>>> print(open('input24.txt').read())   # compact mmCIF, C-alpha atoms
# COMPACT_ATOMS: atom_id res chain seq x y z
CA MET A 1 -16.12 163.84 119.65
CA ARG A 2 -13.12 165.75 120.98
CA PRO A 3 -9.77 164.09 120.26
CA GLU A 4 -9.07 163.81 123.99
CA SER A 5 -12.32 161.94 124.64
CA ARG A 6 -11.62 159.66 121.70
CA LYS A 7 -8.23 158.85 123.10
CA GLN A 8 -9.78 158.13 126.49
CA GLU A 9 -12.31 155.85 124.85
CA ILE A 10 -9.50 153.89 123.17
CA ILE A 11 -7.69 153.61 126.49
CA ASN A 12 -10.80 152.37 128.28
CA ALA A 13 -11.51 149.76 125.60
CA ALA A 14 -7.87 148.64 125.69
CA ALA A 15 -7.91 148.27 129.49
CA ILE A 16 -10.86 145.86 129.20
CA LEU A 17 -9.09 143.81 126.51
CA PHE A 18 -5.82 143.76 128.47
CA LYS A 19 -7.74 142.54 131.52
CA GLU A 20 -9.43 139.75 129.56
CA LYS A 21 -6.50 138.50 127.48
CA GLY A 22 -3.36 140.03 128.96
CA TYR A 23 -1.37 142.85 127.33
CA SER A 24 0.88 140.58 125.26
CA ALA A 25 -2.00 138.75 123.58
CA VAL A 26 -3.88 141.89 122.48
CA THR A 27 -3.16 143.41 119.05
CA MET A 28 -4.06 146.83 117.74
CA ARG A 29 -6.28 144.96 115.30
CA ASP A 30 -8.18 143.36 118.22
CA LEU A 31 -8.62 146.77 119.75
CA ALA A 32 -9.92 148.31 116.53
CA LYS A 33 -12.31 145.38 116.11
CA ALA A 34 -13.60 145.71 119.70
CA MET A 35 -14.32 149.40 119.01
CA GLY A 36 -15.81 148.77 115.57
CA ILE A 37 -13.34 151.04 113.80
CA LYS A 38 -10.43 150.58 111.38
CA ALA A 39 -6.99 149.88 112.84
CA ALA A 40 -5.62 152.84 110.87
CA SER A 41 -7.99 155.21 112.69
CA LEU A 42 -6.48 154.23 116.03
CA TYR A 43 -3.20 155.74 114.94
CA ASN A 44 -4.78 159.18 114.63
CA HIS A 45 -5.05 159.13 118.42
CA ILE A 46 -2.28 156.94 119.75
CA GLN A 47 1.06 155.76 118.45
CA SER A 48 1.28 152.24 119.81
CA LYS A 49 -0.03 149.60 122.19
CA GLN A 50 2.86 150.55 124.48
CA GLU A 51 1.62 154.16 124.58
CA ILE A 52 -1.79 152.90 125.70
CA LEU A 53 -0.32 150.69 128.41
CA SER A 54 1.92 153.41 129.76
CA THR A 55 -0.92 155.94 129.74
CA ILE A 56 -3.13 153.57 131.76
CA ILE A 57 -0.47 152.62 134.28
CA ILE A 58 1.47 155.85 134.67
CA ASP A 59 -1.73 157.91 135.08
CA LEU A 60 -2.87 155.56 137.87
CA ALA A 61 0.52 155.43 139.53
CA GLU A 62 0.72 159.24 139.47
CA GLU A 63 -2.76 159.43 140.98
CA PHE A 64 -1.65 157.18 143.85
CA THR A 65 1.58 159.14 144.22
CA THR A 66 -0.17 162.51 144.39
CA GLY A 67 -2.76 161.15 146.81
CA MET A 68 -0.15 159.57 149.04
CA ASN A 69 1.99 162.72 149.08
CA GLN A 70 -0.95 164.84 150.18
CA ILE A 71 -1.81 162.34 152.90
CA ALA A 72 1.76 161.85 154.10
CA ASN A 73 2.47 165.59 154.26
CA SER A 74 -0.71 166.48 156.14
CA ASP A 75 -0.59 167.10 159.88
CA GLN A 76 -3.01 164.28 160.69
CA ASN A 77 -2.14 161.36 162.94
CA ALA A 78 -1.24 157.90 161.63
CA ILE A 79 -4.76 156.52 162.02
CA GLN A 80 -6.32 159.35 160.03
CA LYS A 81 -3.63 158.96 157.38
CA LEU A 82 -4.33 155.23 157.06
CA GLN A 83 -8.04 155.96 156.77
CA ASN A 84 -7.30 158.38 153.94
CA ILE A 85 -5.10 155.81 152.19
CA ILE A 86 -7.87 153.22 152.42
CA ASN A 87 -10.32 155.74 150.95
CA LEU A 88 -7.86 156.57 148.17
CA HIS A 89 -7.62 152.90 147.14
CA ILE A 90 -11.37 152.40 147.29
CA ASP A 91 -12.05 155.58 145.27
CA VAL A 92 -9.57 154.63 142.54
CA THR A 93 -10.95 151.06 142.45
CA LEU A 94 -14.53 152.31 142.11
CA ARG A 95 -13.54 154.62 139.29
CA ASN A 96 -11.10 152.48 137.32
CA SER A 97 -10.94 148.78 138.18
CA ASP A 98 -10.06 147.87 134.57
CA GLY A 99 -7.03 150.15 134.67
CA LEU A 100 -5.94 148.63 137.98
CA ALA A 101 -6.06 145.19 136.37
CA SER A 102 -3.55 146.44 133.76
CA LEU A 103 -1.40 147.99 136.45
CA ASN A 104 -1.32 144.76 138.47
CA ASN A 105 -1.02 142.25 135.62
CA ASP A 106 0.95 144.10 132.99
CA TRP A 107 3.24 146.67 134.63
CA MET A 108 6.24 144.48 133.74
CA HIS A 109 5.51 145.08 130.04
CA LEU A 110 6.22 148.80 130.36
CA GLU A 111 9.28 149.81 128.40
CA GLU A 112 12.48 151.12 129.88
CA GLU A 113 11.87 154.68 131.00
CA ASN A 114 8.26 154.16 132.01
CA LEU A 115 9.12 150.92 133.76
CA GLN A 116 11.75 152.68 135.86
CA TYR A 117 9.40 155.59 136.58
CA PHE A 118 6.64 153.18 137.60
CA GLU A 119 8.92 151.14 139.85
CA LYS A 120 10.23 154.31 141.46
CA MET A 121 6.70 155.53 142.20
CA ARG A 122 5.67 152.13 143.56
CA HIS A 123 8.75 152.01 145.77
CA GLU A 124 8.14 155.52 147.11
CA TYR A 125 4.49 154.73 147.71
CA GLU A 126 5.42 151.73 149.83
CA GLU A 127 8.07 153.74 151.64
CA SER A 128 5.55 156.45 152.52
CA PHE A 129 3.07 153.82 153.72
CA ARG A 130 5.78 152.13 155.82
CA ASN A 131 6.79 155.49 157.29
CA ILE A 132 3.26 156.35 158.33
CA VAL A 133 2.93 152.98 160.08
CA TYR A 134 6.37 153.36 161.64
CA LYS A 135 5.59 156.80 163.06
CA GLY A 136 2.21 155.57 164.24
CA VAL A 137 3.87 152.75 166.18
CA ASP A 138 6.39 155.20 167.58
CA LYS A 139 3.63 157.49 168.88
CA GLY A 140 1.57 154.59 170.19
CA ASP A 141 -1.33 155.13 167.75
CA ILE A 142 -0.59 151.81 166.04
CA LYS A 143 0.18 148.51 167.75
CA SER A 144 3.81 147.45 167.80
CA TYR A 145 3.62 144.39 165.57
CA ASN A 146 6.19 143.78 162.86
CA ILE A 147 5.91 146.78 160.50
CA GLU A 148 6.35 144.76 157.31
CA ILE A 149 3.54 142.39 158.30
CA MET A 150 1.18 145.31 158.95
CA VAL A 151 2.09 147.01 155.66
CA PHE A 152 1.72 143.77 153.70
CA SER A 153 -1.60 142.79 155.32
CA THR A 154 -3.15 146.14 154.54
CA LEU A 155 -1.74 146.69 151.06
CA SER A 156 -2.43 143.12 149.87
CA THR A 157 -6.13 143.66 150.55
CA LEU A 158 -6.27 147.16 149.04
CA ARG A 159 -4.35 146.06 145.96
CA THR A 160 -6.64 143.12 145.16
CA LEU A 161 -9.85 145.05 145.72
CA TYR A 162 -10.15 145.62 141.95
CA LEU A 163 -10.51 141.87 141.42
CA TRP A 164 -13.13 141.28 144.07
CA TYR A 165 -15.32 144.35 144.30
CA PRO A 166 -16.63 144.42 140.70
CA LYS A 167 -18.09 140.92 141.32
CA GLN A 168 -20.02 142.02 144.42
CA LYS A 169 -23.60 142.92 143.70
CA ASN A 170 -24.86 143.71 147.18
CA ILE A 171 -22.23 145.94 148.72
CA ASP A 172 -22.56 149.61 148.06
CA ALA A 173 -19.61 151.96 148.15
CA ASP A 174 -20.53 153.47 151.53
CA ILE A 175 -20.68 150.08 153.25
CA LEU A 176 -17.44 149.08 151.54
CA LYS A 177 -15.64 152.14 152.85
CA ARG A 178 -17.07 151.90 156.34
CA ASP A 179 -16.53 148.16 156.89
CA MET A 180 -13.22 147.85 155.02
CA MET A 181 -11.86 150.68 157.18
CA SER A 182 -13.00 148.93 160.38
CA VAL A 183 -11.81 145.49 159.32
CA LEU A 184 -8.35 146.68 158.23
CA LEU A 185 -7.76 148.95 161.21
CA LYS A 186 -9.63 147.31 164.07
CA GLY A 187 -9.85 143.66 162.99
CA ILE A 188 -12.80 141.30 162.95
CA VAL A 189 -12.63 139.89 166.49
CA MET B 1 16.69 107.69 143.25
CA ARG B 2 13.21 106.25 143.72
CA PRO B 3 10.80 106.97 140.86
CA GLU B 4 8.48 108.87 143.20
CA SER B 5 11.27 111.21 144.34
CA ARG B 6 12.33 111.75 140.74
CA LYS B 7 8.78 112.72 139.85
CA GLN B 8 8.68 115.12 142.79
CA GLU B 9 11.95 116.64 141.65
CA ILE B 10 10.49 117.25 138.18
CA ILE B 11 7.41 118.82 139.73
CA ASN B 12 9.46 121.13 141.93
CA ALA B 13 11.63 122.24 139.00
CA ALA B 14 8.53 122.82 136.88
CA ALA B 15 6.87 124.93 139.59
CA ILE B 16 9.88 127.26 139.60
CA LEU B 17 9.82 127.58 135.79
CA PHE B 18 6.05 128.14 135.74
CA LYS B 19 6.49 130.87 138.35
CA GLU B 20 9.21 132.60 136.35
CA LYS B 21 7.75 132.36 132.84
CA GLY B 22 4.11 131.32 133.24
CA TYR B 23 2.77 127.86 132.41
CA SER B 24 2.02 128.61 128.74
CA ALA B 25 5.55 129.76 127.95
CA VAL B 26 7.33 126.74 129.46
CA THR B 27 8.09 123.73 127.25
CA MET B 28 9.06 120.20 128.28
CA ARG B 29 12.37 120.98 126.58
CA ASP B 30 12.88 123.99 128.91
CA LEU B 31 12.14 121.77 131.87
CA ALA B 32 14.59 119.07 130.76
CA LYS B 33 17.24 121.74 130.19
CA ALA B 34 16.69 123.29 133.63
CA MET B 35 17.17 119.83 135.16
CA GLY B 36 20.15 118.97 132.96
CA ILE B 37 18.52 115.84 131.54
CA LYS B 38 17.14 114.77 128.15
CA ALA B 39 13.52 115.61 127.35
CA ALA B 40 12.86 111.93 126.62
CA SER B 41 13.82 111.01 130.20
CA LEU B 42 11.07 113.23 131.56
CA TYR B 43 8.48 111.01 129.92
CA ASN B 44 9.61 108.03 132.03
CA HIS B 45 8.11 109.88 134.98
CA ILE B 46 5.31 112.10 133.69
CA GLN B 47 3.12 112.10 130.62
CA SER B 48 2.75 115.80 129.89
CA LYS B 49 3.12 119.37 131.06
CA GLN B 50 -0.58 119.26 131.91
CA GLU B 51 0.01 116.31 134.25
CA ILE B 52 2.65 118.35 136.07
CA LEU B 53 0.38 121.39 136.41
CA SER B 54 -2.54 119.35 137.68
CA THR B 55 -0.34 117.48 140.15
CA ILE B 56 0.96 120.77 141.57
CA ILE B 57 -2.41 122.47 141.80
CA ILE B 58 -4.70 119.57 142.73
CA ASP B 59 -2.33 118.38 145.48
CA LEU B 60 -2.31 121.86 146.99
CA ALA B 61 -6.06 122.34 146.64
CA GLU B 62 -6.68 118.97 148.29
CA GLU B 63 -4.33 119.93 151.11
CA PHE B 64 -6.35 123.11 151.72
CA THR B 65 -9.61 121.18 151.43
CA THR B 66 -8.55 118.51 153.94
CA GLY B 67 -7.21 121.15 156.32
CA MET B 68 -10.35 123.26 156.05
CA ASN B 69 -12.65 120.27 156.58
CA GLN B 70 -10.82 119.29 159.76
CA ILE B 71 -11.01 122.85 161.03
CA ALA B 72 -14.65 123.41 160.06
CA ASN B 73 -15.80 120.12 161.61
CA SER B 74 -13.97 120.60 164.92
CA ASP B 75 -15.88 121.81 167.96
CA GLN B 76 -13.77 124.93 168.36
CA ASN B 77 -15.23 128.43 168.29
CA ALA B 78 -14.99 130.74 165.28
CA ILE B 79 -11.90 132.57 166.54
CA GLN B 80 -9.96 129.34 167.07
CA LYS B 81 -11.06 128.13 163.66
CA LEU B 82 -9.84 131.33 162.02
CA GLN B 83 -6.54 131.01 163.84
CA ASN B 84 -6.18 127.48 162.48
CA ILE B 85 -7.00 128.64 158.95
CA ILE B 86 -4.35 131.35 159.19
CA ASN B 87 -1.82 128.75 160.39
CA LEU B 88 -2.81 126.41 157.55
CA HIS B 89 -2.09 129.12 154.95
CA ILE B 90 1.19 130.08 156.56
CA ASP B 91 2.35 126.44 156.81
CA VAL B 92 1.54 125.70 153.17
CA THR B 93 3.22 128.95 152.08
CA LEU B 94 6.38 128.14 154.05
CA ARG B 95 6.53 124.67 152.54
CA ASN B 96 5.54 125.32 148.94
CA SER B 97 5.47 128.93 147.78
CA ASP B 98 6.47 127.93 144.22
CA GLY B 99 3.47 125.60 143.98
CA LEU B 100 1.19 128.36 145.26
CA ALA B 101 2.45 130.62 142.49
CA SER B 102 1.29 127.99 139.94
CA LEU B 103 -2.03 127.64 141.71
CA ASN B 104 -2.63 131.39 141.69
CA ASN B 105 -1.28 132.22 138.23
CA ASP B 106 -2.03 129.13 136.19
CA TRP B 107 -5.13 127.36 137.58
CA MET B 108 -7.08 128.50 134.49
CA HIS B 109 -4.79 126.34 132.33
CA LEU B 110 -6.03 123.14 133.98
CA GLU B 111 -7.95 120.96 131.57
CA GLU B 112 -11.62 120.11 131.82
CA GLU B 113 -12.02 117.58 134.62
CA ASN B 114 -9.24 118.96 136.80
CA LEU B 115 -10.42 122.51 136.21
CA GLN B 116 -13.90 121.63 137.41
CA TYR B 117 -12.53 119.73 140.39
CA PHE B 118 -10.28 122.66 141.31
CA GLU B 119 -13.07 125.21 140.99
CA LYS B 120 -15.35 123.02 143.10
CA MET B 121 -12.72 122.75 145.84
CA ARG B 122 -12.04 126.49 145.75
CA HIS B 123 -15.75 127.25 145.95
CA GLU B 124 -16.27 124.88 148.88
CA TYR B 125 -13.24 126.29 150.65
CA GLU B 126 -14.66 129.80 150.41
CA GLU B 127 -18.07 128.57 151.51
CA SER B 128 -16.58 126.91 154.60
CA PHE B 129 -14.65 130.08 155.41
CA ARG B 130 -17.77 132.21 154.95
CA ASN B 131 -19.76 129.84 157.17
CA ILE B 132 -17.24 130.00 159.99
CA VAL B 133 -17.34 133.81 159.88
CA TYR B 134 -21.14 133.79 159.65
CA LYS B 135 -21.54 131.53 162.69
CA GLY B 136 -18.94 133.58 164.57
CA VAL B 137 -20.94 136.76 163.93
CA ASP B 138 -24.12 134.96 164.96
CA LYS B 139 -22.57 133.90 168.28
CA GLY B 140 -21.01 137.30 168.90
CA ASP B 141 -17.40 136.06 168.63
CA ILE B 142 -16.86 138.05 165.46
CA LYS B 143 -17.92 141.65 164.81
CA SER B 144 -20.99 142.16 162.68
CA TYR B 145 -19.42 143.82 159.68
CA ASN B 146 -20.35 142.76 156.16
CA ILE B 147 -19.39 139.06 155.91
CA GLU B 148 -18.04 139.29 152.36
CA ILE B 149 -15.75 142.17 153.29
CA MET B 150 -14.33 140.21 156.24
CA VAL B 151 -13.82 137.06 154.13
CA PHE B 152 -12.18 139.03 151.31
CA SER B 153 -9.91 141.06 153.60
CA THR B 154 -8.59 137.95 155.30
CA LEU B 155 -8.29 135.68 152.27
CA SER B 156 -6.71 138.32 150.03
CA THR B 157 -3.84 138.62 152.50
CA LEU B 158 -3.44 134.87 153.06
CA ARG B 159 -3.57 134.15 149.35
CA THR B 160 -0.84 136.63 148.43
CA LEU B 161 1.49 135.59 151.23
CA TYR B 162 3.42 133.37 148.79
CA LEU B 163 4.45 136.45 146.80
CA TRP B 164 5.60 138.53 149.72
CA TYR B 165 7.05 136.22 152.35
CA PRO B 166 9.85 134.64 150.27
CA LYS B 167 11.27 138.15 149.77
CA GLN B 168 11.40 138.89 153.50
CA LYS B 169 14.78 138.23 155.03
CA ASN B 170 14.18 139.29 158.60
CA ILE B 171 10.88 137.75 159.60
CA ASP B 172 11.04 134.25 160.97
CA ALA B 173 8.11 131.88 160.80
CA ASP B 174 7.15 132.27 164.47
CA ILE B 175 6.93 136.05 164.25
CA LEU B 176 5.00 135.74 161.00
CA LYS B 177 2.41 133.44 162.59
CA ARG B 178 2.09 135.47 165.76
CA ASP B 179 1.83 138.93 164.18
CA MET B 180 -0.17 137.91 161.11
CA MET B 181 -2.71 136.30 163.42
CA SER B 182 -2.98 139.45 165.55
CA VAL B 183 -3.12 141.83 162.59
CA LEU B 184 -5.81 139.85 160.73
CA LEU B 185 -7.97 139.18 163.77
CA LYS B 186 -7.46 142.19 166.00
CA GLY B 187 -6.29 144.89 163.60
CA ILE B 188 -3.42 147.32 163.82
CA VAL B 189 -5.02 150.17 165.75
>>> encode(input="input24.txt", output="structure tokens")
Amino acid sequence: MRPESRKQEIINAAAILFKEKGYSAVTMRDLAKAMGIKAASLYNHIQSKQEILSTIIIDLAEEFTTGMNQIANSDQNAIQKLQNIINLHIDVTLRNSDGLASLNNDWMHLEEENLQYFEKMRHEYEESFRNIVYKGVDKGDIKSYNIEIMVFSTLSTLRTLYLWYPKQKNIDADILKRDMMSVLLKGIV
Amino acid sequence: MRPESRKQEIINAAAILFKEKGYSAVTMRDLAKAMGIKAASLYNHIQSKQEILSTIIIDLAEEFTTGMNQIANSDQNAIQKLQNIINLHIDVTLRNSDGLASLNNDWMHLEEENLQYFEKMRHEYEESFRNIVYKGVDKGDIKSYNIEIMVFSTLSTLRTLYLWYPKQKNIDADILKRDMMSVLLKGIV
């Protein structure tokens, strides 16, 4: 197996353990045991538990940042941009719900530089989201409710999708995208 | 001070500590210190940390259960019932966001009987919510999107309100109720 794939395999196994027990409670020994290898072998691929955590979280945060920047800088209207943001969250959730659990539960365990980088990305993400809504209200594409309430309502649902969707057996990804989009943008009444 | 008020004071102080450090990390000694009293004095009012946690969480869960039962059994239509559920969540959040943090973060630390009782109440709450949406779809009051997606979208926002609202400085309770209601029911577009 290529070293890169091996590293990815370690990261995936770690994300599952972090989700089950929380970052702080997981040891490198637990991780080695879960993978059926010796703890010493882990260190051929990664330096520390912190390196694993930051790889999981920073990769995801950068994916959201890149996605958001593309969306925000496009010449689409606010509604189309929100649709693309909803799709971005659903796509990332479908692909990596274990990683999102680490991001949501354990971001505060990132160490100094990565913690600052993460918080900066999260802040900028929210700012871009807020700006899209703000401009949409300004142009009349979006209703003129309190901006913070609209941003919170939408993001709180998208950000907890990773907890809920993996437990659903009867909702396929197409239905999820179609109905989530309608519910979040046009409401249920 | 009446014993009951003293107990409530202990519970309120504990909810803040649980929110900051997590239930597992808080000791009775920490709690006594935060209140500026001796640990031994705490035991005149409560038996254990577990008793505090279960009081916080079971009281809240019973409040939601009672509220939901009244709403579900009324002869209002689905839209009015959903409006009342949204108001119920906002009212509880305004009154006790620290307690809701314990409920959301630490319910899994409840011990056997209380854990079962809590999980039963949570399950029945979700069932009642689902039923209201289901009947609303059936009668044409609510759009016929996937029921689970509508329940999740609404509840995920209401259940994370306790995290977001205390940080908002410029949104008063009336605006919150009015705009949250509109956003969740009628959407933002």
>>> residues_around(input="input24.txt", residues="region 134-142 of chain A", least_positions_apart="5", cutoff="9 Å", atoms="all atoms listed in the file", output="compact mmCIF listing (two decimals) with C-alpha atoms, keeping the file's coordinate frame")
# COMPACT_ATOMS: atom_id res chain seq x y z
CA ASN A 77 -2.14 161.36 162.94
CA ALA A 78 -1.24 157.90 161.63
CA ILE A 79 -4.76 156.52 162.02
CA PHE A 129 3.07 153.82 153.72
CA ILE A 147 5.91 146.78 160.50
CA ILE B 188 -3.42 147.32 163.82
CA VAL B 189 -5.02 150.17 165.75
>>> interface_residues(input="input24.txt", of="chain A", to="chain B", cutoff="7 Å", atoms="only C-alpha atoms", output="PDB file with C-alpha atoms, in the coordinates of the input")
ATOM      1  CA  ASP A 141      -1.330 155.130 167.750  1.00  0.00           C
ATOM      2  CA  ILE A 142      -0.590 151.810 166.040  1.00  0.00           C
ATOM      3  CA  LYS A 143       0.180 148.510 167.750  1.00  0.00           C
ATOM      4  CA  TYR A 145       3.620 144.390 165.570  1.00  0.00           C
ATOM      5  CA  ASN A 146       6.190 143.780 162.860  1.00  0.00           C
ATOM      6  CA  ILE A 149       3.540 142.390 158.300  1.00  0.00           C
ATOM      7  CA  MET A 150       1.180 145.310 158.950  1.00  0.00           C
ATOM      8  CA  SER A 153      -1.600 142.790 155.320  1.00  0.00           C
ATOM      9  CA  SER A 156      -2.430 143.120 149.870  1.00  0.00           C
ATOM     10  CA  THR A 157      -6.130 143.660 150.550  1.00  0.00           C
ATOM     11  CA  THR A 160      -6.640 143.120 145.160  1.00  0.00           C
ATOM     12  CA  ASP A 179     -16.530 148.160 156.890  1.00  0.00           C
ATOM     13  CA  MET A 180     -13.220 147.850 155.020  1.00  0.00           C
ATOM     14  CA  VAL A 183     -11.810 145.490 159.320  1.00  0.00           C
ATOM     15  CA  LEU A 184      -8.350 146.680 158.230  1.00  0.00           C
ATOM     16  CA  LEU A 185      -7.760 148.950 161.210  1.00  0.00           C
ATOM     17  CA  LYS A 186      -9.630 147.310 164.070  1.00  0.00           C
ATOM     18  CA  GLY A 187      -9.850 143.660 162.990  1.00  0.00           C
ATOM     19  CA  ILE A 188     -12.800 141.300 162.950  1.00  0.00           C
ATOM     20  CA  VAL A 189     -12.630 139.890 166.490  1.00  0.00           C
TER      21      VAL A 189
END
>>> residues_around(input="input24.txt", residues="Arg122 (chain B)", least_positions_apart="2", cutoff="12 Å", atoms="only C-alpha atoms", output="ChimeraX atom specification")
/B:57-58,60-66,68,103-104,107,115-120,124-129,155,159
>>> write_last_selection(input="input24.txt", atoms="C-alpha atoms", output="tab-separated table (two decimals), in the coordinates of the input")
chain	number	residue	atom	x	y	z
B	57	ILE	CA	-2.41	122.47	141.80
B	58	ILE	CA	-4.70	119.57	142.73
B	60	LEU	CA	-2.31	121.86	146.99
B	61	ALA	CA	-6.06	122.34	146.64
B	62	GLU	CA	-6.68	118.97	148.29
B	63	GLU	CA	-4.33	119.93	151.11
B	64	PHE	CA	-6.35	123.11	151.72
B	65	THR	CA	-9.61	121.18	151.43
B	66	THR	CA	-8.55	118.51	153.94
B	68	MET	CA	-10.35	123.26	156.05
B	103	LEU	CA	-2.03	127.64	141.71
B	104	ASN	CA	-2.63	131.39	141.69
B	107	TRP	CA	-5.13	127.36	137.58
B	115	LEU	CA	-10.42	122.51	136.21
B	116	GLN	CA	-13.90	121.63	137.41
B	117	TYR	CA	-12.53	119.73	140.39
B	118	PHE	CA	-10.28	122.66	141.31
B	119	GLU	CA	-13.07	125.21	140.99
B	120	LYS	CA	-15.35	123.02	143.10
B	124	GLU	CA	-16.27	124.88	148.88
B	125	TYR	CA	-13.24	126.29	150.65
B	126	GLU	CA	-14.66	129.80	150.41
B	127	GLU	CA	-18.07	128.57	151.51
B	128	SER	CA	-16.58	126.91	154.60
B	129	PHE	CA	-14.65	130.08	155.41
B	155	LEU	CA	-8.29	135.68	152.27
B	159	ARG	CA	-3.57	134.15	149.35
>>> residues_around(input="input24.txt", residues="Glu4 (chain A)", least_positions_apart="6", cutoff="12 Å", atoms="only C-alpha atoms", output="PyMOL selection string")
chain A and resi 10-11+44-46
>>> write_last_selection(input="input24.txt", atoms="C-alpha atoms", output="PDB file, in the frame of the given file")
ATOM      1  CA  ILE A  10      -9.500 153.890 123.170  1.00  0.00           C
ATOM      2  CA  ILE A  11      -7.690 153.610 126.490  1.00  0.00           C
ATOM      3  CA  ASN A  44      -4.780 159.180 114.630  1.00  0.00           C
ATOM      4  CA  HIS A  45      -5.050 159.130 118.420  1.00  0.00           C
ATOM      5  CA  ILE A  46      -2.280 156.940 119.750  1.00  0.00           C
TER       6      ILE A  46
END
>>> residues_near_point(input="input24.txt", point="(-3.2, 160.9, 151.9)", cutoff="6 Å", atoms="all atoms listed in the file", output="ChimeraX atom specification")
/A:67-68,70-72,81,84-85
>>> write_last_selection(input="input24.txt", atoms="C-alpha atoms", output="PDB file, keeping the file's coordinate frame")
ATOM      1  CA  GLY A  67      -2.760 161.150 146.810  1.00  0.00           C
ATOM      2  CA  MET A  68      -0.150 159.570 149.040  1.00  0.00           C
ATOM      3  CA  GLN A  70      -0.950 164.840 150.180  1.00  0.00           C
ATOM      4  CA  ILE A  71      -1.810 162.340 152.900  1.00  0.00           C
ATOM      5  CA  ALA A  72       1.760 161.850 154.100  1.00  0.00           C
ATOM      6  CA  LYS A  81      -3.630 158.960 157.380  1.00  0.00           C
ATOM      7  CA  ASN A  84      -7.300 158.380 153.940  1.00  0.00           C
ATOM      8  CA  ILE A  85      -5.100 155.810 152.190  1.00  0.00           C
TER       9      ILE A  85
END
>>> closest_residue(input="input24.txt", among="A:Gly22, A:Tyr162, A:Ala13, A:Ser5", to="Asn96 (chain A)", atoms="all atoms listed in the file")
A:Tyr162
>>> atom_distance(input="input24.txt", atom1="CA of Met108 (chain B)", atom2="CA of Ile56 (chain B)")
13.2 Å
>>> closest_residue(input="input24.txt", among="B:Glu20, B:Glu9, B:Asp174, B:Asp59", to="Leu42 (chain B)", atoms="only C-alpha atoms")
B:Glu9
>>> atom_distance(input="input24.txt", atom1="CA of Asn105 (chain A)", atom2="CA of Tyr23 (chain A)")
8.3 Å
>>> closest_residue(input="input24.txt", among="A:Ala40, A:Ala173, A:Leu88, A:Ile52", to="Ala14 (chain A)", atoms="only C-alpha atoms")
A:Ile52
>>> atom_distance(input="input24.txt", atom1="CA of Ala101 (chain A)", atom2="CA of Lys19 (chain A)")
5.8 Å
>>> decode(input="input24.txt", residues="region 8-17 of chain A", atoms="N, CA, C and O atoms", output="PDB file, in the first residue's frame")
ATOM      1  N   GLN A   8      -3.912   7.849   5.059  1.00  0.00           N
ATOM      2  CA  GLN A   8      -5.348   8.133   4.983  1.00  0.00           C
ATOM      3  C   GLN A   8      -6.152   7.102   5.785  1.00  0.00           C
ATOM      4  O   GLN A   8      -7.126   7.447   6.457  1.00  0.00           O
ATOM      5  N   GLU A   9      -5.693   5.875   5.716  1.00  0.00           N
ATOM      6  CA  GLU A   9      -6.371   4.800   6.450  1.00  0.00           C
ATOM      7  C   GLU A   9      -6.287   5.043   7.964  1.00  0.00           C
ATOM      8  O   GLU A   9      -7.255   4.838   8.692  1.00  0.00           O
ATOM      9  N   ILE A  10      -5.134   5.491   8.416  1.00  0.00           N
ATOM     10  CA  ILE A  10      -4.949   5.816   9.839  1.00  0.00           C
ATOM     11  C   ILE A  10      -5.883   6.961  10.228  1.00  0.00           C
ATOM     12  O   ILE A  10      -6.548   6.923  11.268  1.00  0.00           O
ATOM     13  N   ILE A  11      -5.949   7.955   9.361  1.00  0.00           N
ATOM     14  CA  ILE A  11      -6.795   9.121   9.642  1.00  0.00           C
ATOM     15  C   ILE A  11      -8.266   8.735   9.699  1.00  0.00           C
ATOM     16  O   ILE A  11      -9.002   9.172  10.589  1.00  0.00           O
ATOM     17  N   ASN A  12      -8.690   7.865   8.791  1.00  0.00           N
ATOM     18  CA  ASN A  12     -10.090   7.434   8.795  1.00  0.00           C
ATOM     19  C   ASN A  12     -10.422   6.638  10.054  1.00  0.00           C
ATOM     20  O   ASN A  12     -11.478   6.833  10.662  1.00  0.00           O
ATOM     21  N   ALA A  13      -9.505   5.745  10.439  1.00  0.00           N
ATOM     22  CA  ALA A  13      -9.742   4.939  11.646  1.00  0.00           C
ATOM     23  C   ALA A  13      -9.768   5.841  12.879  1.00  0.00           C
ATOM     24  O   ALA A  13     -10.584   5.657  13.788  1.00  0.00           O
ATOM     25  N   ALA A  14      -8.894   6.827  12.896  1.00  0.00           N
ATOM     26  CA  ALA A  14      -8.841   7.757  14.038  1.00  0.00           C
ATOM     27  C   ALA A  14     -10.129   8.575  14.131  1.00  0.00           C
ATOM     28  O   ALA A  14     -10.666   8.776  15.223  1.00  0.00           O
ATOM     29  N   ALA A  15     -10.648   9.009  12.986  1.00  0.00           N
ATOM     30  CA  ALA A  15     -11.877   9.823  12.995  1.00  0.00           C
ATOM     31  C   ALA A  15     -13.023   9.036  13.631  1.00  0.00           C
ATOM     32  O   ALA A  15     -13.814   9.586  14.393  1.00  0.00           O
ATOM     33  N   ILE A  16     -13.094   7.744  13.340  1.00  0.00           N
ATOM     34  CA  ILE A  16     -14.153   6.908  13.928  1.00  0.00           C
ATOM     35  C   ILE A  16     -13.967   6.801  15.444  1.00  0.00           C
ATOM     36  O   ILE A  16     -14.915   6.969  16.211  1.00  0.00           O
ATOM     37  N   LEU A  17     -12.721   6.568  15.874  1.00  0.00           N
ATOM     38  CA  LEU A  17     -12.462   6.488  17.323  1.00  0.00           C
ATOM     39  C   LEU A  17     -12.740   7.816  18.020  1.00  0.00           C
ATOM     40  O   LEU A  17     -13.327   7.845  19.099  1.00  0.00           O
TER      41      LEU A  17
END
